[in-house]
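See structure below.
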Amino acid sequence: MAVSLKVNGTSHNVPAEPDTPLLYVLRNDLALNGAKFGCGLAQCGACTVLVDGKPVRSCITPIGSLGGVEITTIEGLGTAAKPHPLQKAFIHEQAAQCGYCINGMIMSAKELLDRKPNATEGEVKKALAGNLCRCGTHNRIVGAVLRAGRELGGQTNGHIGGRI
Ligand code: FES
Ligand code: FES
């Protein structure tokens with residue numbers, strides 16, 4: 001059967017069963033490979049996308065539960081020519097090592113900065129606490145989110161201080 005999904009502003013009819021995880025459809029049917037398969041168990045955050053602006057773990061989200069919602073993937077944030085401030089900041093801070101976790105870090109940070117661009121270092125760490133980085137680049141990741149927050153209009157969040 002086909003399931004209708006709206007992803008990054010475009011509607012798609014996907015030939016898949018309603019219990020198919022969103023991550024599989026994004027990567028295998030829609031060629032949106034930014035979201036990554038890490039654990040498949042909602043434990044690592046590598047597969048994070050936004051559903052109506054809220055971060056969800058696409059590895060455990062069945063597409064049948066997504067009728068009438070707006071799904072945003074990292075491909076929907078910006079382009080190489082016009083990157084989102086978060087994408088620019090992650091590049092500027094050299095926040096990726098292997099890069100596998102970075103999709104989830106950016107998408108979780110997007111939700112935080114959308115509601116609070118002046119998020120503090122503590123708030124950034126809390127928002128990203130469920131996103132795991134096996135390379136240990138957490139300090140640079142937090143620094144990148146704070147940098148993006150400043151570009152997006154936050155005034156009081158300061159600079160990176162400690163580790164998460
Ligand atoms: S792959 Fe979804 S949380 Fe790890
Ligand atoms: S940069 Fe490698 S997992 Fe985070």
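Within each chain, counting starts at residue 1; across the structure tokens, chains are named A, B, ... in the order shown, with ligands numbered 1 upward in that order.
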
Would you write out, as JSON lines, a table of all residues in chain A that have an atom no more than 7 Å from an atom of ligand 1, listing for each the closest atom pair and the distance in Å to one decimal, considering only C-alpha atoms and all ligand atoms and ordering rows by chain and rising residue number?
{"residue": "A:Lys36", "atom": "CA", "partner": "ligand 1", "partner_atom_place_in_ligand_line": "1 (S)", "distance": 6.3}
{"residue": "A:Phe37", "atom": "CA", "partner": "ligand 1", "partner_atom_place_in_ligand_line": "1 (S)", "distance": 4.2}
{"residue": "A:Gly38", "atom": "CA", "partner": "ligand 1", "partner_atom_place_in_ligand_line": "1 (S)", "distance": 3.8}
{"residue": "A:Cys39", "atom": "CA", "partner": "ligand 1", "partner_atom_place_in_ligand_line": "4 (Fe)", "distance": 3.8}
{"residue": "A:Gly40", "atom": "CA", "partner": "ligand 1", "partner_atom_place_in_ligand_line": "1 (S)", "distance": 4.0}
{"residue": "A:Leu41", "atom": "CA", "partner": "ligand 1", "partner_atom_place_in_ligand_line": "3 (S)", "distance": 5.5}
{"residue": "A:Ala42", "atom": "CA", "partner": "ligand 1", "partner_atom_place_in_ligand_line": "3 (S)", "distance": 3.3}
{"residue": "A:Gln43", "atom": "CA", "partner": "ligand 1", "partner_atom_place_in_ligand_line": "3 (S)", "distance": 4.4}
{"residue": "A:Cys44", "atom": "CA", "partner": "ligand 1", "partner_atom_place_in_ligand_line": "4 (Fe)", "distance": 3.9}
{"residue": "A:Gly45", "atom": "CA", "partner": "ligand 1", "partner_atom_place_in_ligand_line": "3 (S)", "distance": 3.9}
{"residue": "A:Ala46", "atom": "CA", "partner": "ligand 1", "partner_atom_place_in_ligand_line": "1 (S)", "distance": 5.2}
{"residue": "A:Cys47", "atom": "CA", "partner": "ligand 1", "partner_atom_place_in_ligand_line": "2 (Fe)", "distance": 4.4}
{"residue": "A:Thr48", "atom": "CA", "partner": "ligand 1", "partner_atom_place_in_ligand_line": "2 (Fe)", "distance": 6.7}
{"residue": "A:Arg57", "atom": "CA", "partner": "ligand 1", "partner_atom_place_in_ligand_line": "2 (Fe)", "distance": 5.0}
{"residue": "A:Ser58", "atom": "CA", "partner": "ligand 1", "partner_atom_place_in_ligand_line": "2 (Fe)", "distance": 5.9}
{"residue": "A:Cys59", "atom": "CA", "partner": "ligand 1", "partner_atom_place_in_ligand_line": "2 (Fe)", "distance": 4.3}
{"residue": "A:Ile60", "atom": "CA", "partner": "ligand 1", "partner_atom_place_in_ligand_line": "2 (Fe)", "distance": 6.6}

**Prompt:** Where in stretch 5-151 of chain A does DSSP assign alpha helix (DSSP H), given as an MDAnalysis selection string?
**Reply:** chainID A and resid 22:24 85:92 102:115 121:127 138:151

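The nearest approach to A:Asn103 among the residues A:Ile91, A:Ala119, A:Leu152, A:Val49, with only C-alpha atoms taken into account, belongs to A:Val49.
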
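With only C-alpha atoms as the atoms that count, the residue of A:Val7, A:Ala89, A:Ile102, A:Ile141 with the shortest distance to A:Ala31 is A:Val7.
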
**Item:** Among the residues A:Asn139, A:Asn8, A:Ser65, A:Thr73, the one that comes closest to ligand 2 [using only C-alpha atoms and all ligand atoms]
**Value:**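 Counting only C-alpha atoms and all ligand atoms, the residue closest to ligand 2 is A:Asn139.
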
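Closest approach to A:Val69 among A:Arg134, A:Arg115, A:Arg27, A:Lys6 is made by A:Lys6 (distances from only C-alpha atoms).
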
Please, which residues in chain A fall within 7 Å of ligand 2 when counting only C-alpha atoms and all ligand atoms, and what is the closest atom pair and distance in Å to one decimal for each, ordered by chain then residue number, as a tab-separated table?
residue	atom	partner	partner_atom_place_in_ligand_line	distance
A:Ala96	CA	ligand 2	1 (S)	4.4
A:Gln97	CA	ligand 2	1 (S)	4.0
A:Cys98	CA	ligand 2	2 (Fe)	3.9
A:Gly99	CA	ligand 2	1 (S)	4.1
A:Tyr100	CA	ligand 2	3 (S)	4.8
A:Cys101	CA	ligand 2	4 (Fe)	4.3
A:Ile102	CA	ligand 2	4 (Fe)	6.0
A:Leu132	CA	ligand 2	3 (S)	6.9
A:Cys133	CA	ligand 2	4 (Fe)	3.7
A:Arg134	CA	ligand 2	3 (S)	4.2
A:Cys135	CA	ligand 2	2 (Fe)	4.2
A:Gly136	CA	ligand 2	4 (Fe)	6.4
A:Thr137	CA	ligand 2	1 (S)	5.9

**Message:** Calculated over only C-alpha atoms, which of the candidates A:Ile74, A:Ile106, A:Leu50, A:Leu146 has the smallest distance to A:Leu128?
**Reply:**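 Using only C-alpha atoms, A:Leu128 sits closest to A:Ile106.
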